[in-house]
Structures are given as structure tokens and as C-alpha cells.
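Asker: The structure file upload_36.pdb (PDB, C-alpha atoms) is provided below.
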ATOM      1  CA  MET T   1     118.124 108.480 151.601
ATOM      2  CA  ASN T   2     117.597 106.959 148.153
ATOM      3  CA  LYS T   3     121.042 105.685 147.226
ATOM      4  CA  ALA T   4     119.875 104.532 143.794
ATOM      5  CA  THR T   5     119.681 108.147 142.657
ATOM      6  CA  ASP T   6     122.306 109.381 145.151
ATOM      7  CA  ILE T   7     120.193 112.256 146.486
ATOM      8  CA  SER T   8     121.930 112.219 149.847
ATOM      9  CA  THR T   9     123.103 114.966 152.148
ATOM     10  CA  LYS T  10     126.685 114.123 151.183
ATOM     11  CA  LYS T  11     125.783 114.490 147.509
ATOM     12  CA  LEU T  12     124.117 117.872 148.089
ATOM     13  CA  ILE T  13     127.013 119.337 150.069
ATOM     14  CA  SER T  14     129.660 117.953 147.711
ATOM     15  CA  LEU T  15     128.192 120.006 144.824
ATOM     16  CA  ALA T  16     129.974 123.130 146.111
ATOM     17  CA  PRO T  17     131.658 122.344 149.433
ATOM     18  CA  ASN T  18     133.625 125.612 149.628
ATOM     19  CA  ASN T  19     130.536 127.796 149.198
ATOM     20  CA  TRP T  20     128.580 125.577 151.589
ATOM     21  CA  ALA T  21     131.304 125.922 154.234
ATOM     22  CA  LYS T  22     131.416 129.713 153.814
ATOM     23  CA  TRP T  23     127.641 129.850 154.198
ATOM     24  CA  VAL T  24     127.287 127.722 157.320
ATOM     25  CA  THR T  25     130.317 129.170 159.153
ATOM     26  CA  GLY T  26     130.355 132.775 157.930
ATOM     27  CA  ILE T  27     134.133 132.511 157.374
ATOM     28  CA  PRO T  28     134.886 134.124 153.963
ATOM     29  CA  ASP T  29     138.434 132.762 153.501
ATOM     30  CA  ILE T  30     137.701 129.168 154.432
ATOM     31  CA  VAL T  31     139.057 126.358 152.234
ATOM     32  CA  THR T  32     137.558 122.866 152.391
ATOM     33  CA  GLY T  33     139.295 119.540 152.054
ATOM     34  CA  GLU T  34     137.782 116.082 151.839
ATOM     35  CA  ILE T  35     134.397 114.972 153.138
ATOM     36  CA  LEU T  36     135.282 112.552 155.912
ATOM     37  CA  ASN T  37     133.937 109.169 156.965
ATOM     38  CA  THR T  38     131.252 109.514 159.677
ATOM     39  CA  GLU T  39     131.122 105.874 160.769
ATOM     40  CA  PHE T  40     131.936 106.041 164.450
ATOM     41  CA  GLN T  41     131.867 103.132 166.876
ATOM     42  CA  TRP T  42     128.207 103.418 167.823
ATOM     43  CA  ILE T  43     126.687 106.183 165.740
ATOM     44  CA  SER T  44     126.337 106.458 161.969
ATOM     45  CA  ARG T  45     123.667 108.435 160.150
ATOM     46  CA  GLN T  46     123.387 109.057 156.416
ATOM     47  CA  SER T  47     122.326 112.664 156.992
ATOM     48  CA  ASP T  48     125.551 113.468 158.877
ATOM     49  CA  VAL T  49     128.385 114.989 156.861
ATOM     50  CA  VAL T  50     131.774 116.022 158.227
ATOM     51  CA  ILE T  51     133.932 118.346 156.126
ATOM     52  CA  GLN T  52     137.580 119.013 156.870
ATOM     53  CA  ALA T  53     138.251 122.751 156.529
ATOM     54  CA  GLU T  54     140.994 125.294 157.107
ATOM     55  CA  SER T  55     141.219 129.057 157.474
ATOM     56  CA  PRO T  56     144.102 131.444 158.276
ATOM     57  CA  GLN T  57     142.430 132.493 161.533
ATOM     58  CA  TYR T  58     141.302 129.116 162.898
ATOM     59  CA  GLY T  59     143.644 126.647 161.235
ATOM     60  CA  LYS T  60     142.368 123.136 160.489
ATOM     61  CA  PHE T  61     138.985 122.112 161.897
ATOM     62  CA  LEU T  62     135.870 120.065 161.131
ATOM     63  CA  ILE T  63     132.464 121.323 159.932
ATOM     64  CA  LEU T  64     129.864 118.936 161.242
ATOM     65  CA  ASN T  65     126.607 119.123 159.231
ATOM     66  CA  GLU T  66     123.271 117.653 160.313
ATOM     67  CA  LEU T  67     120.532 118.190 157.705
ATOM     68  CA  GLN T  68     117.110 117.406 159.204
ATOM     69  CA  LEU T  69     113.668 117.291 157.635
ATOM     70  CA  ARG T  70     112.387 118.840 160.868
ATOM     71  CA  TYR T  71     113.674 119.593 164.345
ATOM     72  CA  THR T  72     113.324 116.909 167.001
ATOM     73  CA  SER T  73     113.859 117.174 170.743
ATOM     74  CA  GLU T  74     116.658 114.579 170.555
ATOM     75  CA  MET T  75     118.825 116.893 168.441
ATOM     76  CA  PRO T  76     120.754 118.732 171.228
ATOM     77  CA  ARG T  77     121.897 115.476 172.849
ATOM     78  CA  ARG T  78     122.772 113.980 169.472
ATOM     79  CA  MET T  79     124.894 116.999 168.538
ATOM     80  CA  ARG T  80     126.785 116.725 171.830
ATOM     81  CA  ALA T  81     127.610 113.067 171.138
ATOM     82  CA  TYR T  82     128.343 113.584 167.444
ATOM     83  CA  ALA T  83     130.723 116.516 168.046
ATOM     84  CA  ALA T  84     132.631 114.571 170.699
ATOM     85  CA  LEU T  85     132.953 111.478 168.497
ATOM     86  CA  ALA T  86     134.180 113.513 165.522
ATOM     87  CA  GLU T  87     136.787 115.303 167.644
ATOM     88  CA  GLU T  88     137.950 112.023 169.165
ATOM     89  CA  LYS T  89     138.326 110.325 165.789
ATOM     90  CA  TYR T  90     140.018 113.143 163.854
ATOM     91  CA  LYS T  91     141.700 115.053 166.735
ATOM     92  CA  LEU T  92     140.383 118.399 165.448
ATOM     93  CA  GLN T  93     138.027 121.042 166.832
ATOM     94  CA  THR T  94     134.496 120.942 165.389
ATOM     95  CA  TYR T  95     132.006 123.541 164.200
ATOM     96  CA  PRO T  96     128.603 121.773 164.485
ATOM     97  CA  VAL T  97     125.686 122.970 162.349
ATOM     98  CA  VAL T  98     122.050 121.812 162.291
ATOM     99  CA  ILE T  99     120.027 122.680 159.166
ATOM    100  CA  ASN T 100     116.269 122.313 159.676
ATOM    101  CA  ILE T 101     114.231 122.042 156.472
ATOM    102  CA  LEU T 102     110.570 122.305 157.511
ATOM    103  CA  LYS T 103     109.020 124.569 160.125
ATOM    104  CA  ILE T 104     106.569 122.708 162.347
ATOM    105  CA  SER T 105     105.965 125.248 165.104
ATOM    106  CA  ASN T 106     106.816 128.748 166.299
ATOM    107  CA  SER T 107     108.712 127.419 169.300
ATOM    108  CA  GLU T 108     112.300 128.573 169.672
ATOM    109  CA  ILE T 109     114.787 125.929 168.536
ATOM    110  CA  PRO T 110     117.655 125.321 170.999
ATOM    111  CA  THR T 111     121.215 126.109 169.892
ATOM    112  CA  SER T 112     123.003 124.170 172.619
ATOM    113  CA  PHE T 113     122.969 121.115 174.841
ATOM    114  CA  ALA T 114     123.476 121.686 178.564
ATOM    115  CA  SER T 115     123.231 119.406 181.585
ATOM    116  CA  ASN T 116     124.288 119.570 185.225
ATOM    117  CA  PHE T 117     124.459 116.251 187.038
ATOM    118  CA  ILE T 118     125.771 116.089 190.590
ATOM    119  CA  GLY T 119     127.666 119.296 189.998
ATOM    120  CA  LEU T 120     129.240 118.139 186.722
ATOM    121  CA  ARG T 121     128.358 120.197 183.662
ATOM    122  CA  ALA T 122     128.231 119.225 179.980
ATOM    123  CA  ILE T 123     127.743 121.952 177.361
ATOM    124  CA  GLN T 124     127.746 121.777 173.577
ATOM    125  CA  ASP T 125     126.860 124.787 171.423
ATOM    126  CA  TYR T 126     125.992 124.448 167.753
ATOM    127  CA  ARG T 127     124.709 126.694 164.997
ATOM    128  CA  VAL T 128     121.102 126.336 163.826
ATOM    129  CA  ILE T 129     120.048 127.292 160.295
ATOM    130  CA  ASN T 130     116.317 127.188 159.534
ATOM    131  CA  LEU T 131     115.774 127.058 155.774
ATOM    132  CA  TRP T 132     112.469 128.952 155.979
ATOM    133  CA  GLU T 133     114.477 131.930 157.290
ATOM    134  CA  VAL T 134     117.118 131.783 154.511
ATOM    135  CA  ASP T 135     116.742 134.300 151.662
ATOM    136  CA  VAL T 136     116.147 132.435 148.391
ATOM    137  CA  ASN T 137     118.585 134.715 146.531
ATOM    138  CA  ILE T 138     121.484 133.035 148.344
ATOM    139  CA  ALA T 139     120.824 129.858 146.341
ATOM    140  CA  PHE T 140     121.171 131.732 143.046
ATOM    141  CA  GLU T 141     123.751 134.440 143.757
ATOM    142  CA  THR T 142     126.410 132.704 145.914
ATOM    143  CA  PRO T 143     125.847 130.276 144.141
ATOM    144  CA  LEU T 144     124.754 127.449 146.404
ATOM    145  CA  PRO T 145     123.478 124.601 144.198
ATOM    146  CA  SER T 146     122.954 122.530 147.350
ATOM    147  CA  LEU T 147     120.022 124.821 148.193
ATOM    148  CA  LEU T 148     118.332 124.755 144.773
ATOM    149  CA  PRO T 149     116.098 121.724 145.570
ATOM    150  CA  PHE T 150     114.823 123.587 148.646
ATOM    151  CA  VAL T 151     113.975 126.849 146.813
ATOM    152  CA  PRO T 152     110.164 126.553 147.340
ATOM    153  CA  ILE T 153     110.535 126.575 151.124
ATOM    154  CA  LEU T 154     113.232 129.254 151.327
ATOM    155  CA  LYS T 155     112.197 132.792 152.245
ATOM    156  CA  GLY T 156     110.775 134.386 149.085
ATOM    157  CA  GLY T 157     111.025 131.193 147.035
ATOM    158  CA  GLU T 158     107.359 130.243 146.926
ATOM    159  CA  ASN T 159     106.456 131.911 143.592
ATOM    160  CA  GLU T 160     106.207 130.062 140.288
ATOM    161  CA  SER T 161     108.885 132.025 138.406
ATOM    162  CA  THR T 162     111.509 131.395 141.080
ATOM    163  CA  ILE T 163     110.731 127.668 141.156
ATOM    164  CA  ARG T 164     110.930 127.515 137.351
ATOM    165  CA  GLU T 165     114.359 129.177 137.460
ATOM    166  CA  ALA T 166     115.566 126.664 140.055
ATOM    167  CA  LEU T 167     114.291 123.830 137.847
ATOM    168  CA  ARG T 168     116.070 125.312 134.806
ATOM    169  CA  MET T 169     119.360 125.380 136.696
ATOM    170  CA  LEU T 170     118.933 121.825 137.945
ATOM    171  CA  ARG T 171     118.171 120.485 134.474
ATOM    172  CA  ALA T 172     121.082 122.360 132.898
ATOM    173  CA  ASP T 173     123.656 120.509 134.999
ATOM    174  CA  GLU T 174     124.183 116.742 134.851
ATOM    175  CA  GLN T 175     125.224 116.730 138.505
ATOM    176  CA  LEU T 176     122.025 118.474 139.546
ATOM    177  CA  ASN T 177     119.232 117.115 137.339
ATOM    178  CA  GLN T 178     118.569 114.108 139.587
ATOM    179  CA  LEU T 179     117.539 116.553 142.327
ATOM    180  CA  GLU T 180     114.408 117.497 140.368
ATOM    181  CA  THR T 181     112.147 115.214 142.418
ATOM    182  CA  VAL T 182     113.298 116.921 145.615
ATOM    183  CA  LEU T 183     112.401 120.332 144.158
ATOM    184  CA  ALA T 184     109.025 118.974 143.031
ATOM    185  CA  PHE T 185     108.274 117.559 146.467
ATOM    186  CA  PHE T 186     108.827 120.884 148.200
ATOM    187  CA  ALA T 187     107.049 122.765 145.398
ATOM    188  CA  THR T 188     103.810 120.968 146.343
ATOM    189  CA  PHE T 189     103.990 122.779 149.683
ATOM    190  CA  VAL T 190     103.494 126.173 148.002
ATOM    191  CA  LEU T 191     101.905 125.520 144.572
ATOM    192  CA  GLU T 192      98.933 123.488 143.387
ATOM    193  CA  SER T 193      99.841 119.956 142.357
ATOM    194  CA  ALA T 194      98.470 120.478 138.855
ATOM    195  CA  LEU T 195     100.803 123.454 138.364
ATOM    196  CA  VAL T 196     103.785 121.496 139.697
ATOM    197  CA  GLN T 197     102.925 118.693 137.289
ATOM    198  CA  GLU T 198     102.825 121.197 134.414
ATOM    199  CA  ILE T 199     106.154 122.747 135.419
ATOM    200  CA  MET T 200     107.909 119.404 135.825
ATOM    201  CA  ARG T 201     106.243 117.767 132.807
ATOM    202  CA  TRP T 202     105.780 114.378 134.471
ATOM    203  CA  ASP T 203     103.144 112.559 136.474
ATOM    204  CA  MET T 204     102.883 113.483 140.144
ATOM    205  CA  THR T 205     103.205 109.841 141.199
ATOM    206  CA  VAL T 206     106.942 110.335 140.624
ATOM    207  CA  LEU T 207     106.921 112.259 143.908
ATOM    208  CA  ARG T 208     106.494 108.984 145.764
ATOM    209  CA  GLU T 209     110.115 108.278 144.825
ATOM    210  CA  SER T 210     111.289 111.509 146.429
ATOM    211  CA  PRO T 211     113.837 110.717 149.158
ATOM    212  CA  TRP T 212     112.148 113.230 151.464
ATOM    213  CA  TYR T 213     108.752 111.558 151.102
ATOM    214  CA  GLN T 214     110.398 108.178 151.655
ATOM    215  CA  GLU T 215     112.132 109.540 154.740
ATOM    216  CA  ILE T 216     108.815 110.682 156.230
ATOM    217  CA  LEU T 217     107.382 107.206 155.610
ATOM    218  CA  ARG T 218     110.431 105.381 156.956
ATOM    219  CA  GLU T 219     110.521 107.502 160.104
ATOM    220  CA  GLY T 220     107.006 106.424 160.957
ATOM    221  CA  GLU T 221     107.719 102.768 160.225
ATOM    222  CA  ALA T 222     110.966 102.762 162.216
ATOM    223  CA  ARG T 223     109.315 104.492 165.158
ATOM    224  CA  GLY T 224     106.525 101.942 165.124
ATOM    225  CA  GLU T 225     108.880  98.976 164.883
ATOM    226  CA  ALA T 226     110.879 100.255 167.846
ATOM    227  CA  GLU T 227     107.748 100.601 169.949
ATOM    228  CA  GLY T 228     106.608  97.141 168.916
ATOM    229  CA  GLU T 229     109.959  95.534 169.737
ATOM    230  CA  ALA T 230     109.889  97.148 173.172
ATOM    231  CA  ARG T 231     106.624  95.307 173.825
ATOM    232  CA  GLY T 232     108.115  92.036 172.627
ATOM    233  CA  GLU T 233     104.969  90.838 170.873
ATOM    234  CA  ALA T 234     103.575  90.836 167.331
ATOM    235  CA  ARG T 235     100.435  92.762 168.212
ATOM    236  CA  GLY T 236     102.470  95.361 170.046
ATOM    237  CA  GLU T 237     104.718  95.788 167.004
ATOM    238  CA  ALA T 238     101.727  96.282 164.716
ATOM    239  CA  ARG T 239     100.172  98.838 167.060
ATOM    240  CA  GLY T 240     103.491 100.615 167.371
ATOM    241  CA  GLU T 241     103.884 100.854 163.599
ATOM    242  CA  VAL T 242     100.404 102.325 163.284
ATOM    243  CA  ARG T 243     101.257 104.939 165.916
ATOM    244  CA  GLY T 244     104.478 105.724 164.072
ATOM    245  CA  ILE T 245     102.680 106.374 160.774
ATOM    246  CA  ILE T 246     100.063 108.507 162.552
ATOM    247  CA  SER T 247     102.883 110.565 164.058
ATOM    248  CA  SER T 248     104.408 111.086 160.595
ATOM    249  CA  ILE T 249     100.996 112.087 159.217
ATOM    250  CA  GLU T 250     100.587 114.644 162.000
ATOM    251  CA  THR T 251     103.981 116.196 161.313
ATOM    252  CA  SER T 252     103.358 116.284 157.551
ATOM    253  CA  LEU T 253      99.931 117.885 157.968
ATOM    254  CA  GLU T 254     101.352 120.588 160.212
ATOM    255  CA  ALA T 255     104.306 121.228 157.903
ATOM    256  CA  LYS T 256     102.120 121.604 154.809
ATOM    257  CA  PHE T 257      98.816 123.017 156.104
ATOM    258  CA  GLY T 258      99.574 124.359 159.585
ATOM    259  CA  SER T 259      96.889 124.298 162.265
ATOM    260  CA  ASP T 260      94.173 123.624 159.656
ATOM    261  CA  GLY T 261      95.857 120.322 158.837
ATOM    262  CA  LEU T 262      96.020 119.297 162.478
ATOM    263  CA  GLU T 263      92.235 119.527 162.715
ATOM    264  CA  LEU T 264      92.075 116.266 160.759
ATOM    265  CA  MET T 265      94.069 114.343 163.351
ATOM    266  CA  SER T 266      91.072 113.578 165.557
ATOM    267  CA  GLN T 267      89.617 111.570 162.671
ATOM    268  CA  ILE T 268      92.886 110.071 161.424
ATOM    269  CA  SER T 269      93.939 108.898 164.882
ATOM    270  CA  GLN T 270      90.914 106.587 164.941
ATOM    271  CA  ILE T 271      92.159 104.639 161.889
ATOM    272  CA  SER T 272      94.017 101.402 162.664
ATOM    273  CA  ASP T 273      94.530 100.019 159.146
ATOM    274  CA  LEU T 274      98.232 100.452 158.301
ATOM    275  CA  GLU T 275      97.823 100.492 154.508
ATOM    276  CA  GLN T 276      95.040 103.068 154.733
ATOM    277  CA  LEU T 277      97.266 105.282 156.879
ATOM    278  CA  LYS T 278     100.145 104.960 154.401
ATOM    279  CA  GLU T 279      97.797 105.977 151.584
ATOM    280  CA  ILE T 280      96.715 109.048 153.570
ATOM    281  CA  LEU T 281     100.383 110.002 153.985
ATOM    282  CA  ARG T 282     100.886 109.650 150.224
ATOM    283  CA  ARG T 283      97.849 111.835 149.540
ATOM    284  CA  ILE T 284      99.201 114.586 151.797
ATOM    285  CA  VAL T 285     102.206 114.927 149.480
ATOM    286  CA  VAL T 286     100.101 115.759 146.407
ATOM    287  CA  ALA T 287      97.074 117.410 148.039
ATOM    288  CA  ASN T 288      96.451 121.083 147.272
ATOM    289  CA  THR T 289      93.842 121.760 149.928
ATOM    290  CA  ILE T 290      92.537 120.435 153.206
ATOM    291  CA  GLN T 291      89.238 119.714 151.480
ATOM    292  CA  GLU T 292      90.937 117.178 149.197
ATOM    293  CA  LEU T 293      92.123 115.290 152.259
ATOM    294  CA  ARG T 294      88.688 115.465 153.849
ATOM    295  CA  ASN T 295      87.283 113.862 150.718
ATOM    296  CA  VAL T 296      89.830 111.052 150.980
ATOM    297  CA  LEU T 297      88.924 110.468 154.608
TER     298      LEU T 297
END
What's the C-alpha cells form of this structure?

Answerer:
Amino acid sequence: MNKATDISTKKLISLAPNNWAKWVTGIPDIVTGEILNTEFQWISRQSDVVIQAESPQYGKFLILNELQLRYTSEMPRRMRAYAALAEEKYKLQTYPVVINILKISNSEIPTSFASNFIGLRAIQDYRVINLWEVDVNIAFETPLPSLLPFVPILKGGENESTIREALRMLRADEQLNQLETVLAFFATFVLESALVQEIMRWDMTVLRESPWYQEILREGEARGEAEGEARGEARGEARGEVRGIISSIETSLEAKFGSDGLELMSQISQISDLEQLKEILRRIVVANTIQELRNVL
């Protein structure tokens, strides 16, 4: 995440931790304490947030939050490890929650990890919240300021008036106004870029500073570097980075344009120039139509 503007998961949840905890757990009389340190011995991720909570029925426990741009197949195993590490460090039971931001397929998303090896079982359940299934009114009525930047992708939040209201609320609060670029980024998924530019009253190139755009770019670069290192050679690293960016492009196309966007992958996958691929990823952020991307290609 972009620490310069502090648009992190911890920042989002800390805006109203009590209301966030009530929302993710469904426990109406829950009271939250401090947001705890998540630096364990061998796992530390900026998108992980652990909240200490307490309720009359369940006593003291931990709410383990994992906010993800999109679901990945590694998530069940990660939640198993993360829950165990949190319990070991703080000696409290955990309530793990995965919040997925973008829908990339209609496949059912698992809500547990389970394995059976030589007769020994390991099971870890966790709650899954998909933002595209969350009613947009929750962000305004609860209120849940942590959800305001995601209004365009919430259920019923894709219209201009609702996005304008979310922007008004963000700009009216000093704690929230830095989240405007996040709202703008997700607004381009449902409105034309020109309209988003008019609503926000700044140039669309500002979106390149969005932490969510940067995360998409970094994921591709990191994936490519890892593949290159595994090969142990400079050419392998370069090829791996290219593959990583192509993978990020594919996910972004599907998230924004669905199956129509994926039709472009046969052409994009033939490109080997890293800078050209990065530019294509940037164009996806501000493109209104598939035709605009075809023109770029």
C-alpha cells in the first residue's frame, strides 16, 4: 500500500473499528480494543489487520481481517497459517474474515481450509465477504466509512448520484479525504473516465497513484521476479516479470470488462516488451470501452 498517503487496510478499518467489527462478525454488542501488531516470525502482510475485541457472549477474542483485491487459490492455506500464528502470539481465539474486493469469476469461493494427510486432519473455517454482494446502503447508514471508497463496486453503488454522495462524505472529513483516489479508481469500473474526471475535478493521471492500481502493478512485478529468481538467470527473470505483468493484465481485464476483456489476451500475450505491457495495464485503468484498448494495441 502507499504509505505516503496512508491508504492502508489498517487506516481504513481504524476509521470506525467498532462498526467494522459489528459488520464482519454480526455481533451487535461487540466492543473493539486496539489494532494489534501482525508481525509474526515468518509472515507479515500489510493487508492483514488484527483487532482485539470483546463481547458478553464470547469474551475476549481476535478479529483477523484479510482485505484482498481479488480472491486467490492460496487464500485458504494462508488463513489457516495466519489464524494459528495470531492465536499463538496473543493466546486468544480468532474470528478470521476474508474481504474480496473485485469479482473475477462466478466460481464459488471457499470458506475453509481442509486437508487430510496420513489420517491427520487440519481444518480452518473463515468468513468470506464479497464486496460486490454487499448492499451499498450499509456504507451510508451504519455508517461504515471504511466502505465509502468501494461504493462504485458495492451492490447498487454504480450510479453517478451515489458515487457523488460518497465523494461528498469523503471530502467533508479530514480523515477520509485522502481516500478520494481509491473511490476514483473503482468509479472507472462503472462510469466513463470523462465523467469520473468531471466528478473528481482533477486529471485522470492521478489514478496512477491509486494504491489499488499500484498493487495490481506490483503483484505482476513480484510474481515475475519470483519466477525469474527460480530460474537463477537474468533472462529467466526478465521473462518471468513479463509473464507476471501479463497475468495482472488478464485479471484486470476480466475484473473491468468481463469475458469481452479476456478476448484481447491472445494478442497481449504475444507482447514481450515490459514497458509496453505496463502501459497497457495503465490504459486499462482509465479505459471506458474495449474498443479504446483495441486502438492502443

Asker: Might you pull out every residue within 10 Å of Gln175 (chain T), with only C-alpha atoms counted and same-chain residues fewer than 4 positions away left off, and present them as a compact mmCIF listing (two decimals) with C-alpha atoms, in the frame of the given file?

Answerer:
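Writing the result to part21.txt gives the following:
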# COMPACT_ATOMS: atom_id res chain seq x y z
CA LYS T 11 125.78 114.49 147.51
CA LEU T 12 124.12 117.87 148.09
CA LEU T 15 128.19 120.01 144.82
CA PRO T 145 123.48 124.60 144.20
CA LEU T 170 118.93 121.82 137.94
CA ARG T 171 118.17 120.48 134.47
CA LEU T 179 117.54 116.55 142.33

Asker: From the set T:Glu54, T:Tyr95, T:Glu192, T:Ala86, which residue has the shortest atom-to-atom contact distance to Pro28 (chain T), counting only C-alpha atoms?

Answerer: T:Glu54

Asker: Select, from T:Val24, T:Ala83, T:Leu102, T:Val50, the residue with the minimum atom-to-atom distance to Leu144 (chain T), counting all atoms listed in the file.

Answerer: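 For Leu144 (chain T), the nearest of the given residues is T:Val24.
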
Asker: Considering all atoms listed in the file, can you say which of T:Ala53, T:Leu69, T:Ala114, T:Ile27 comes closest to Thr94 (chain T)?

Answerer: T:Ala53

Asker: Taking (122.6, 116.7, 166.7) in the file's coordinates, which residues come within 10 Å, counting all atoms listed in the file, written as a list in words?

Answerer: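 Counting all atoms listed in the file, I find these residues within 10 Å of (122.6, 116.7, 166.7): Asp48, Leu64, Asn65, Glu66, Leu67, Gln68, Tyr71, Thr72, Ser73, Glu74, Met75, Pro76, Arg77, Arg78, Met79, Arg80, Ala81, Tyr82, Ala83, Pro96, Val97, Val98, Ile99, Ser112, Phe113, Gln124 and Tyr126 of chain T.
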
Asker: Taking the file as shown, what set of residues would the PyMOL selection byres ((chain T and resi 155) around 7) give back, as number ranges by chain?

Answerer: T: 132-136, 153-154, 156-157

Asker: Restricted to C-alpha atoms, what would the selected residues look like written as a PDB file, keeping the file's coordinate frame?

Answerer:
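Saved the output as again_4.pdb:
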ATOM      1  CA  TRP T 132     112.469 128.952 155.979  1.00  0.00           C
ATOM      2  CA  GLU T 133     114.477 131.930 157.290  1.00  0.00           C
ATOM      3  CA  VAL T 134     117.118 131.783 154.511  1.00  0.00           C
ATOM      4  CA  ASP T 135     116.742 134.300 151.662  1.00  0.00           C
ATOM      5  CA  VAL T 136     116.147 132.435 148.391  1.00  0.00           C
ATOM      6  CA  ILE T 153     110.535 126.575 151.124  1.00  0.00           C
ATOM      7  CA  LEU T 154     113.232 129.254 151.327  1.00  0.00           C
ATOM      8  CA  GLY T 156     110.775 134.386 149.085  1.00  0.00           C
ATOM      9  CA  GLY T 157     111.025 131.193 147.035  1.00  0.00           C
TER      10      GLY T 157
END

Asker: Between T:Glu160, T:Glu141, T:Glu180, T:Glu254, which one has atoms that come closest to Leu195 (chain T), using only C-alpha atoms?

Answerer: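 Distance minimum relative to Leu195 (chain T) lands on T:Glu160.
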
Asker: Carefully work through the PyMOL selection byres ((chain T and resi 272-289) around 6) for this structure and note down the residues it includes, as a ChimeraX atom specification.

Answerer: /T:192-193,242,249,271,290-292

Asker: Please report the interatomic distance between CA of Pro56 (chain T) and CA of Ile30 (chain T) in Å with one decimal.

Answerer: 7.8 Å

Asker: Find the distance between CA of Gln93 (chain T) and CA of Leu36 (chain T) and write it in Å to one decimal.

Answerer: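 Answer for the CA of Gln93 (chain T) to CA of Leu36 (chain T) separation: 14.1 Å.
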
Asker: Which is closer to Phe61 (chain T) than all the others in T:Ile245, T:Ala84, T:Leu92, T:Val296, using only C-alpha atoms?

Answerer: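 Looking at the shortest contact to Phe61 (chain T), the residue is T:Leu92.
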
Asker: So that each row is one residue of region 101-123 of chain T with an atom at most 12 Å from region 257-261 of chain T, can you give its shortest atom pair and the distance in Å to one decimal, using all atoms listed in the file, rows by chain and rising number, as a Markdown table?

Answerer:
| residue | atom | partner | partner_atom | distance |
| --- | --- | --- | --- | --- |
| T:Leu102 | CA | T:Gly258 | CA | 11.4 |
| T:Lys103 | CA | T:Gly258 | CA | 9.5 |
| T:Ile104 | CA | T:Gly258 | CA | 7.7 |
| T:Ser105 | CA | T:Gly258 | CA | 8.5 |
| T:Asn106 | CA | T:Gly258 | CA | 10.8 |

Asker: Interatomic distance between CA of Lys10 (chain T) and CA of Phe140 (chain T)?

Answerer: 20.2 Å

Asker: Using all atoms listed in the file and a cutoff of 10 Å, can you tell me which residues are near (117.0, 130.5, 164.4) in the file's coordinates, and write them out as a VMD selection string?

Answerer: chain T and resid 99 to 100 108 to 111 127 to 134

Asker: Please save C-alpha atoms of the selected residues as a short mmCIF file (atom, residue, chain, number, x, y, z; two decimals), in the frame of the given file.

Answerer:
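Okay, out-v4.cif is ready:
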data_model
loop_
_atom_site.label_atom_id
_atom_site.label_comp_id
_atom_site.auth_asym_id
_atom_site.auth_seq_id
_atom_site.Cartn_x
_atom_site.Cartn_y
_atom_site.Cartn_z
CA ILE T 99 120.03 122.68 159.17
CA ASN T 100 116.27 122.31 159.68
CA GLU T 108 112.30 128.57 169.67
CA ILE T 109 114.79 125.93 168.54
CA PRO T 110 117.66 125.32 171.00
CA THR T 111 121.22 126.11 169.89
CA ARG T 127 124.71 126.69 165.00
CA VAL T 128 121.10 126.34 163.83
CA ILE T 129 120.05 127.29 160.29
CA ASN T 130 116.32 127.19 159.53
CA LEU T 131 115.77 127.06 155.77
CA TRP T 132 112.47 128.95 155.98
CA GLU T 133 114.48 131.93 157.29
CA VAL T 134 117.12 131.78 154.51
#

Asker: Grab all the atoms of region 188-202 of chain T that the file lists, wrap them in a box along x, y and z, add 8 Å per side, and give me centre plus edge lengths in Å (one decimal) as lines of an AutoDock Vina configuration file.

Answerer:
center_x = 103.2
center_y = 120.3
center_z = 141.2
size_x = 25.4
size_y = 27.8
size_z = 32.9

Asker: Identify which of the residues T:Phe189, T:Leu262, T:Thr181, T:Pro17 lies closest to Arg201 (chain T), counting all atoms listed in the file when measuring atom-to-atom distances.

Answerer: T:Thr181
